[in-house]
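One file, input_39.cif, is given below (mmCIF, C-alpha atoms).
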```cif
data_target
#
loop_
_atom_site.label_atom_id
_atom_site.label_comp_id
_atom_site.auth_asym_id
_atom_site.auth_seq_id
_atom_site.Cartn_x
_atom_site.Cartn_y
_atom_site.Cartn_z
CA MET A 281 -29.30 -55.08 35.02
CA GLU A 282 -32.19 -52.73 35.75
CA LEU A 283 -32.79 -49.05 35.01
CA ARG A 284 -33.10 -48.55 38.74
CA GLN A 285 -29.56 -49.81 39.24
CA LEU A 286 -28.30 -47.47 36.53
CA ARG A 287 -29.92 -44.55 38.33
CA TYR A 288 -28.19 -45.68 41.51
CA PHE A 289 -24.86 -45.77 39.69
CA VAL A 290 -25.30 -42.18 38.45
CA ALA A 291 -26.30 -40.94 41.91
CA VAL A 292 -23.25 -42.49 43.58
CA ALA A 293 -21.00 -41.21 40.78
CA GLU A 294 -22.29 -37.67 41.27
CA GLU A 295 -22.16 -37.71 45.07
CA LEU A 296 -19.06 -39.88 45.48
CA ASN A 297 -20.52 -40.78 48.82
CA PHE A 298 -22.84 -43.73 49.46
CA GLY A 299 -24.54 -42.09 52.43
CA ARG A 300 -25.46 -38.91 50.52
CA ALA A 301 -26.50 -40.93 47.47
CA ALA A 302 -28.73 -43.17 49.59
CA ALA A 303 -30.40 -40.12 51.17
CA ARG A 304 -30.95 -38.59 47.72
CA LEU A 305 -32.49 -41.83 46.45
CA HIS A 306 -34.55 -42.39 49.64
CA ILE A 307 -33.19 -45.90 50.19
CA ALA A 308 -31.07 -47.48 52.91
CA GLY A 309 -27.29 -47.29 52.57
CA PRO A 310 -26.68 -51.07 52.75
CA SER A 311 -29.33 -51.65 50.10
CA LEU A 312 -27.67 -49.14 47.78
CA SER A 313 -24.31 -50.80 48.27
CA GLN A 314 -25.78 -54.22 47.42
CA GLN A 315 -27.44 -52.84 44.28
CA ILE A 316 -24.16 -51.34 43.07
CA LYS A 317 -22.35 -54.63 43.70
CA SER A 318 -25.07 -56.46 41.76
CA LEU A 319 -24.68 -54.02 38.85
CA GLU A 320 -20.92 -54.52 38.84
CA ARG A 321 -21.42 -58.30 38.70
CA ASP A 322 -23.82 -57.94 35.76
CA LEU A 323 -21.43 -55.66 33.88
CA GLY A 324 -18.35 -57.66 34.77
CA VAL A 325 -16.36 -54.57 35.78
CA ARG A 326 -15.76 -52.51 38.91
CA LEU A 327 -17.39 -49.08 38.78
CA PHE A 328 -16.00 -47.65 42.03
CA GLU A 329 -12.93 -47.84 44.19
CA ARG A 330 -14.04 -47.44 47.77
CA ASP A 331 -12.59 -47.63 51.22
CA ARG A 332 -13.85 -46.40 54.58
CA ARG A 333 -13.28 -42.74 53.73
CA THR A 334 -13.41 -42.22 49.98
CA VAL A 335 -15.35 -43.31 46.88
CA THR A 336 -13.88 -42.75 43.40
CA LEU A 337 -14.85 -43.85 39.93
CA THR A 338 -12.70 -46.46 38.23
CA ALA A 339 -11.63 -45.97 34.63
CA HIS A 340 -14.48 -48.24 33.59
CA GLY A 341 -16.88 -46.17 35.67
CA GLU A 342 -15.65 -42.94 34.07
CA THR A 343 -16.22 -44.41 30.61
CA LEU A 344 -19.66 -45.81 31.35
CA LEU A 345 -21.06 -42.79 33.20
CA PRO A 346 -21.91 -40.57 30.17
CA GLN A 347 -23.36 -43.56 28.30
CA THR A 348 -25.50 -44.41 31.32
CA ARG A 349 -26.78 -40.84 31.57
CA ALA A 350 -27.71 -40.93 27.87
CA LEU A 351 -29.50 -44.25 28.30
CA LEU A 352 -31.50 -42.95 31.26
CA GLU A 353 -32.46 -39.84 29.31
CA GLN A 354 -33.73 -42.04 26.48
CA ALA A 355 -35.76 -44.08 28.96
CA ASP A 356 -37.26 -40.90 30.45
CA ALA A 357 -38.10 -39.60 26.97
CA LEU A 358 -39.78 -42.91 26.16
CA ARG A 359 -41.83 -42.67 29.35
CA ARG A 360 -42.86 -39.09 28.58
CA THR A 361 -43.93 -40.12 25.08
CA ALA A 362 -45.96 -43.02 26.46
CA ARG A 363 -47.67 -40.71 28.94
CA GLY A 364 -48.55 -38.44 26.03
CA PHE A 365 -50.13 -41.37 24.19
CA ALA A 366 -52.08 -42.33 27.32
CA ALA A 367 -53.34 -38.79 27.78
CA SER A 368 -55.00 -38.93 24.38
CA GLU A 369 -56.41 -42.43 24.88
CA PRO A 370 -60.18 -42.46 25.54
CA VAL A 371 -61.45 -43.77 28.88
CA ARG A 372 -65.20 -44.41 29.05
CA LEU A 373 -66.83 -43.71 32.41
CA GLY A 374 -70.42 -44.30 33.51
CA TYR A 375 -72.15 -43.05 36.63
CA VAL A 376 -75.44 -43.30 38.50
CA SER A 377 -76.35 -39.88 39.83
CA TRP A 378 -73.23 -38.40 41.42
CA ARG A 379 -69.79 -37.62 40.09
CA PRO A 380 -67.05 -35.27 41.37
CA PRO A 381 -67.60 -31.77 39.98
CA ASP A 382 -63.95 -31.56 38.91
CA LEU A 383 -63.92 -34.98 37.26
CA ALA A 384 -62.66 -33.88 33.83
CA GLU A 385 -60.12 -31.47 35.32
CA ARG A 386 -58.57 -34.14 37.51
CA VAL A 387 -58.22 -36.63 34.67
CA SER A 388 -56.91 -34.04 32.22
CA GLY A 389 -53.33 -34.80 31.31
CA VAL A 390 -53.54 -38.56 31.89
CA ALA A 391 -56.51 -39.63 29.76
CA GLN A 392 -59.23 -38.42 27.44
CA LEU A 393 -62.31 -38.94 29.61
CA LEU A 394 -65.57 -39.79 27.86
CA VAL A 395 -68.45 -39.56 30.34
CA ASP A 396 -71.28 -41.84 29.25
CA THR A 397 -74.60 -39.99 29.08
CA TRP A 398 -76.65 -43.07 29.98
CA VAL A 399 -77.39 -42.68 33.70
CA MET A 400 -78.11 -46.21 34.93
CA PRO A 401 -78.50 -48.04 38.27
CA SER A 402 -75.39 -49.08 40.17
CA HIS A 403 -75.62 -52.80 39.44
CA THR A 404 -76.07 -52.09 35.72
CA GLN A 405 -73.05 -49.78 35.58
CA ALA A 406 -70.89 -52.35 37.39
CA ALA A 407 -72.00 -55.04 34.94
CA ARG A 408 -71.11 -52.77 32.00
CA VAL A 409 -67.57 -52.44 33.35
CA ALA A 410 -67.35 -56.21 33.75
CA ASP A 411 -68.45 -56.89 30.15
CA GLY A 412 -66.22 -54.16 28.69
CA SER A 413 -68.95 -51.77 27.57
CA ILE A 414 -67.28 -49.03 29.64
CA ASP A 415 -63.94 -48.80 31.41
CA LEU A 416 -64.90 -47.23 34.73
CA ALA A 417 -68.08 -46.65 36.72
CA ILE A 418 -69.00 -44.55 39.74
CA CYS A 419 -71.53 -46.65 41.61
CA TRP A 420 -72.49 -48.41 44.84
CA VAL A 421 -71.18 -51.96 45.08
CA ARG A 422 -70.79 -54.71 47.61
CA ALA A 423 -67.61 -56.68 48.16
CA THR A 424 -69.52 -59.72 46.86
CA ASP A 425 -70.29 -57.90 43.60
CA LEU A 426 -66.63 -57.03 43.08
CA ALA A 427 -65.50 -60.61 43.68
CA GLU A 428 -68.17 -62.25 41.52
CA GLN A 429 -67.60 -59.94 38.54
CA GLU A 430 -63.82 -59.77 38.92
CA LEU A 431 -63.86 -56.03 39.53
CA SER A 432 -61.82 -53.73 41.73
CA GLY A 433 -63.27 -50.80 43.60
CA ARG A 434 -61.72 -47.73 45.20
CA LEU A 435 -63.51 -45.28 47.45
CA LEU A 436 -64.39 -42.09 45.58
CA GLY A 437 -66.93 -40.44 47.88
CA ALA A 438 -69.63 -40.96 50.49
CA ASP A 439 -73.05 -39.47 51.25
CA ARG A 440 -74.58 -39.08 54.68
CA LEU A 441 -78.24 -39.87 54.10
CA PHE A 442 -80.96 -37.72 55.66
CA ALA A 443 -84.68 -38.07 56.27
CA VAL A 444 -87.47 -35.88 54.95
CA SER A 445 -90.54 -34.97 56.97
CA ALA A 446 -92.82 -32.10 57.83
CA GLY A 447 -91.89 -30.03 60.87
CA ASP A 448 -88.56 -28.94 62.25
CA GLU A 449 -85.00 -29.92 61.35
CA THR A 450 -84.11 -31.74 64.57
CA PRO A 451 -82.16 -35.00 64.16
CA VAL A 452 -84.18 -38.20 64.05
CA ARG A 453 -83.04 -41.59 65.31
CA ALA A 454 -82.63 -44.28 62.69
CA ARG A 455 -85.19 -46.54 64.39
CA ASP A 456 -87.82 -43.80 64.06
CA THR A 457 -87.46 -43.51 60.29
CA VAL A 458 -89.04 -45.30 57.34
CA VAL A 459 -87.28 -46.64 54.23
CA LEU A 460 -89.08 -47.17 50.93
CA VAL A 461 -88.52 -50.38 48.97
CA ASP A 462 -89.79 -50.43 45.38
CA ALA A 463 -91.22 -53.43 43.57
CA ASP A 464 -89.13 -52.63 40.50
CA THR A 465 -86.03 -54.58 41.45
CA GLU A 466 -84.33 -53.84 38.14
CA ALA A 467 -84.33 -50.06 38.62
CA TRP A 468 -83.91 -50.01 42.40
CA ALA A 469 -81.94 -53.18 43.17
CA SER A 470 -79.04 -51.49 44.97
CA TRP A 471 -81.22 -49.14 46.99
CA ASN A 472 -83.60 -51.95 47.99
CA ILE A 473 -80.67 -54.05 49.27
CA TYR A 474 -79.29 -51.11 51.23
CA ALA A 475 -82.68 -50.06 52.64
CA VAL A 476 -83.71 -53.52 53.81
CA GLU A 477 -80.38 -54.14 55.55
CA PHE A 478 -80.53 -50.70 57.17
CA ALA A 479 -84.02 -51.45 58.51
CA ARG A 480 -82.97 -54.83 59.88
CA ALA A 481 -79.91 -53.36 61.57
CA THR A 482 -81.57 -50.29 63.11
CA GLY A 483 -85.26 -51.07 63.55
CA ALA A 484 -86.39 -48.60 60.88
CA ALA A 485 -89.72 -49.44 59.26
CA VAL A 486 -89.95 -50.76 55.69
CA GLU A 487 -92.67 -49.42 53.40
CA ARG A 488 -93.07 -51.37 50.16
CA ILE A 489 -94.19 -49.35 47.16
CA GLU A 490 -94.86 -49.95 43.45
CA ASP A 491 -94.80 -46.45 41.97
CA HIS A 492 -91.07 -45.64 41.72
CA GLY A 493 -91.59 -43.09 44.48
CA ILE A 494 -88.05 -43.46 45.78
CA THR A 495 -87.39 -39.98 44.38
CA GLY A 496 -89.30 -37.04 42.93
CA PRO A 497 -92.89 -35.94 43.64
CA GLY A 498 -93.87 -39.54 44.43
CA PHE A 499 -91.41 -39.57 47.31
CA PHE A 500 -92.97 -36.47 48.85
CA ASP A 501 -96.43 -38.02 48.41
CA HIS A 502 -95.29 -40.94 50.56
CA VAL A 503 -93.96 -38.53 53.20
CA ARG A 504 -97.41 -36.89 53.34
CA ARG A 505 -99.22 -40.22 53.37
CA LEU A 506 -97.16 -41.82 56.13
CA GLY A 507 -96.61 -38.71 58.23
CA ARG A 508 -93.22 -40.03 59.35
CA PRO A 509 -89.58 -39.21 58.48
CA ILE A 510 -88.55 -41.15 55.37
CA VAL A 511 -84.89 -41.74 54.57
CA SER A 512 -84.00 -40.18 51.24
CA SER A 513 -81.99 -42.26 48.76
CA PRO A 514 -78.65 -40.89 47.46
CA LYS A 515 -80.04 -40.49 43.94
CA ARG A 516 -79.84 -36.82 42.98
CA ASP A 517 -83.20 -35.26 42.16
CA ALA A 518 -84.02 -31.73 41.00
CA THR A 519 -87.53 -31.71 42.49
CA PRO A 520 -87.68 -28.83 45.01
CA LEU A 521 -88.52 -29.57 48.62
CA PRO A 522 -92.24 -28.83 49.16
CA ARG A 523 -93.27 -26.04 51.52
CA GLY A 524 -93.28 -27.22 55.12
CA PHE A 525 -90.94 -30.15 54.45
CA VAL A 526 -87.42 -30.31 55.93
CA ARG A 527 -84.33 -32.45 55.67
CA ARG A 528 -83.47 -34.00 59.04
CA PRO A 529 -80.13 -35.57 60.02
CA VAL A 530 -80.45 -39.27 60.83
CA ILE A 531 -78.52 -40.37 63.92
CA ASP A 532 -77.92 -43.44 66.09
CA PRO A 533 -76.49 -44.44 63.64
CA VAL A 534 -75.84 -42.19 60.65
CA PRO A 535 -76.58 -44.02 57.37
CA VAL A 536 -73.70 -43.65 54.92
CA TRP A 537 -73.80 -44.52 51.23
CA THR A 538 -70.41 -45.04 49.57
CA TRP A 539 -69.50 -44.36 45.96
CA ALA A 540 -66.87 -46.61 44.40
CA LEU A 541 -64.80 -46.11 41.29
CA VAL A 542 -65.03 -49.54 39.70
CA ALA A 543 -62.64 -51.04 37.14
CA ARG A 544 -61.83 -54.53 35.90
CA GLN A 545 -59.34 -56.46 38.03
CA ASP A 546 -57.27 -57.34 34.97
CA GLU A 547 -57.27 -53.79 33.60
CA SER A 548 -53.88 -53.00 32.09
CA ARG A 549 -54.41 -49.93 29.90
CA PRO A 550 -52.16 -47.14 31.24
CA ALA A 551 -54.79 -44.44 30.65
CA VAL A 552 -57.44 -46.28 32.67
CA LEU A 553 -55.04 -47.05 35.52
CA ALA A 554 -53.83 -43.44 35.54
CA ALA A 555 -57.42 -42.16 35.68
CA VAL A 556 -58.19 -44.41 38.64
CA ASP A 557 -55.08 -43.18 40.43
CA VAL A 558 -55.70 -39.46 40.01
CA LEU A 559 -59.40 -39.74 40.89
CA THR A 560 -58.89 -41.70 44.11
CA ARG A 561 -55.45 -40.51 45.25
CA ASP A 562 -56.46 -38.15 48.06
CA VAL A 563 -60.11 -39.02 48.71
CA LYS A 564 -61.42 -37.91 52.09
CA VAL A 565 -64.87 -38.75 53.42
CA ASP A 566 -66.83 -36.69 55.93
CA PHE A 567 -68.25 -39.17 58.42
CA ASP A 568 -67.26 -40.73 61.70
CA PRO A 569 -66.94 -44.54 61.48
CA ALA A 570 -67.78 -44.80 65.19
CA THR A 571 -71.27 -43.35 64.73
CA SER A 572 -72.02 -44.32 61.14
CA TRP A 573 -73.73 -47.29 59.56
CA LEU A 574 -72.66 -49.08 56.39
CA PRO A 575 -73.91 -52.43 55.08
CA ALA A 576 -71.90 -55.40 56.31
CA ASP A 577 -70.71 -56.19 52.78
CA ASP A 578 -69.67 -52.64 51.95
CA PRO A 579 -66.09 -52.88 50.63
CA PHE A 580 -65.13 -49.69 52.47
CA HIS A 581 -66.41 -50.68 55.88
CA GLN A 582 -63.03 -50.03 57.44
CA ALA A 583 -62.19 -46.94 55.40
#
```
Please render this file's structure as structure tokens.
Amino acid sequence: MELRQLRYFVAVAEELNFGRAAARLHIAGPSLSQQIKSLERDLGVRLFERDRRTVTLTAHGETLLPQTRALLEQADALRRTARGFAASEPVRLGYVSWRPPDLAERVSGVAQLLVDTWVMPSHTQAARVADGSIDLAICWVRATDLAEQELSGRLLGADRLFAVSAGDETPVRARDTVVLVDADTEAWASWNIYAVEFARATGAAVERIEDHGITGPGFFDHVRRLGRPIVSSPKRDATPLPRGFVRRPVIDPVPVWTWALVARQDESRPAVLAAVDVLTRDVKVDFDPATSWLPADDPFHQA
């Protein structure tokens, strides 16, 4: 006997019509009938007298109906109480450089979100989820990373990358751009992987650097030095765009960087699962898969 079957019993008892009850419950009529028969077998009594035209409660059904309603109300109260416990349970979240502006608002009511102040590279944040240091992370991951570390990932957002150069804001083809790859593989591991694969796939040039100039003033120094459009990484940076420099759309194809909400595959805490659900429930990304480029191992390649 399941709570679901008890809810079915109450619905049929209130409608006294299997068709209307099935429509109210959003299930097929034959399925509802089978569930009621299964409940009657479990209870050892008939709940309804039914023929082709009418459905009526038996004496046993009349007696059990108020008790069933009370039991269902207790179950609903228990669920509401559990949700209240979950809403006060802390969920630790780390991120790299981007997070939804309404992050706390969306999670409010299902969990107490604690945003970690340590901004770390994507691979580090994913590893922290895997070892239990944090519960969730917003980061860039590959399908291989998820499998190896027994993580799950849901799409949370996506950035269309652009190039920076001097001159006008006309679009630039991917093969006419440059990507920077830094020697510090610990700090820039994810970006280096992305940039090298993008260059191989599109014909963009690779410029190897050793000064962490992927962002900030160092990045603009490389733009001046090379005199060519350089693809900007997705890492947010407050350095203002120098005079005479512009952001140019990259086309043929458009490079897209995805942000995943990463959790452990065996995660069972209701607050963590609820946070994942509310944060990824209605995610929409603004790019056309037909004209965009994502790494081959991006877990959201078909999204």
Q.
I'd like the neighbourhood of Leu553 (chain A) as a PyMOL selection string, where a residue qualifies if any of its atoms comes within 10 Å (using only C-alpha atoms), though same-chain residues fewer than 6 positions away should be ignored.
A. chain A and resi 366+371+390-391+415-416+543+547
The PyMOL selection byres ((chain A and resi 556) around 12) applied to the shown file, residues as a PDB file with C-alpha atoms, in the frame of the given file:
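Below is the file out15.pdb, written as the result:
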```pdb
ATOM      1  CA  VAL A 371     -61.450 -43.770  28.880  1.00  0.00           C
ATOM      2  CA  ARG A 372     -65.200 -44.410  29.050  1.00  0.00           C
ATOM      3  CA  LEU A 373     -66.830 -43.710  32.410  1.00  0.00           C
ATOM      4  CA  LEU A 383     -63.920 -34.980  37.260  1.00  0.00           C
ATOM      5  CA  ARG A 386     -58.570 -34.140  37.510  1.00  0.00           C
ATOM      6  CA  VAL A 387     -58.220 -36.630  34.670  1.00  0.00           C
ATOM      7  CA  VAL A 390     -53.540 -38.560  31.890  1.00  0.00           C
ATOM      8  CA  ALA A 391     -56.510 -39.630  29.760  1.00  0.00           C
ATOM      9  CA  LEU A 393     -62.310 -38.940  29.610  1.00  0.00           C
ATOM     10  CA  ASP A 415     -63.940 -48.800  31.410  1.00  0.00           C
ATOM     11  CA  LEU A 416     -64.900 -47.230  34.730  1.00  0.00           C
ATOM     12  CA  ALA A 417     -68.080 -46.650  36.720  1.00  0.00           C
ATOM     13  CA  ILE A 418     -69.000 -44.550  39.740  1.00  0.00           C
ATOM     14  CA  SER A 432     -61.820 -53.730  41.730  1.00  0.00           C
ATOM     15  CA  GLY A 433     -63.270 -50.800  43.600  1.00  0.00           C
ATOM     16  CA  ARG A 434     -61.720 -47.730  45.200  1.00  0.00           C
ATOM     17  CA  LEU A 435     -63.510 -45.280  47.450  1.00  0.00           C
ATOM     18  CA  LEU A 436     -64.390 -42.090  45.580  1.00  0.00           C
ATOM     19  CA  ALA A 540     -66.870 -46.610  44.400  1.00  0.00           C
ATOM     20  CA  LEU A 541     -64.800 -46.110  41.290  1.00  0.00           C
ATOM     21  CA  VAL A 542     -65.030 -49.540  39.700  1.00  0.00           C
ATOM     22  CA  ALA A 543     -62.640 -51.040  37.140  1.00  0.00           C
ATOM     23  CA  ARG A 544     -61.830 -54.530  35.900  1.00  0.00           C
ATOM     24  CA  GLU A 547     -57.270 -53.790  33.600  1.00  0.00           C
ATOM     25  CA  SER A 548     -53.880 -53.000  32.090  1.00  0.00           C
ATOM     26  CA  ARG A 549     -54.410 -49.930  29.900  1.00  0.00           C
ATOM     27  CA  PRO A 550     -52.160 -47.140  31.240  1.00  0.00           C
ATOM     28  CA  ALA A 551     -54.790 -44.440  30.650  1.00  0.00           C
ATOM     29  CA  VAL A 552     -57.440 -46.280  32.670  1.00  0.00           C
ATOM     30  CA  LEU A 553     -55.040 -47.050  35.520  1.00  0.00           C
ATOM     31  CA  ALA A 554     -53.830 -43.440  35.540  1.00  0.00           C
ATOM     32  CA  ALA A 555     -57.420 -42.160  35.680  1.00  0.00           C
ATOM     33  CA  ASP A 557     -55.080 -43.180  40.430  1.00  0.00           C
ATOM     34  CA  VAL A 558     -55.700 -39.460  40.010  1.00  0.00           C
ATOM     35  CA  LEU A 559     -59.400 -39.740  40.890  1.00  0.00           C
ATOM     36  CA  THR A 560     -58.890 -41.700  44.110  1.00  0.00           C
ATOM     37  CA  ARG A 561     -55.450 -40.510  45.250  1.00  0.00           C
ATOM     38  CA  ASP A 562     -56.460 -38.150  48.060  1.00  0.00           C
ATOM     39  CA  VAL A 563     -60.110 -39.020  48.710  1.00  0.00           C
TER      40      VAL A 563
END
```
(Q) Evaluate the PyMOL selection byres ((chain A and resi 513) around 8) against this structure - the residues, as a list in words, please. (A) Leu441, Trp471, Ile494, Thr495, Val511, Ser512, Pro514 and Lys515 of chain A
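For the structure in this document, the set picked by the PyMOL selection byres ((chain A and resi 423) around 7) is Val421, Arg422, Thr424, Asp425, Leu426, Ala427, Asp577, Asp578 and Pro579 of chain A.
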Q: Just give me the gap between CA of Val536 (chain A) and CA of Trp420 (chain A) in Å, one decimal is fine.
A: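 Answer for the CA of Val536 (chain A) to CA of Trp420 (chain A) separation: 11.2 Å.
Using all atoms listed in the file, the nearest neighbour of Val292 (chain A) within the list A:Ser311, A:Thr404, A:Thr336, A:Thr348 is A:Thr336.
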Q) Which is closest to Val376 (chain A) among A:Ser470, A:Ser313, A:Thr343, A:Thr457, if we use all atoms listed in the file? A) A:Ser470
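As for CA of Asp462 (chain A) and CA of His581 (chain A), they are spaced 25.6 Å apart.
Going from CA of Ser388 (chain A) to CA of Glu430 (chain A) covers 27.5 Å.
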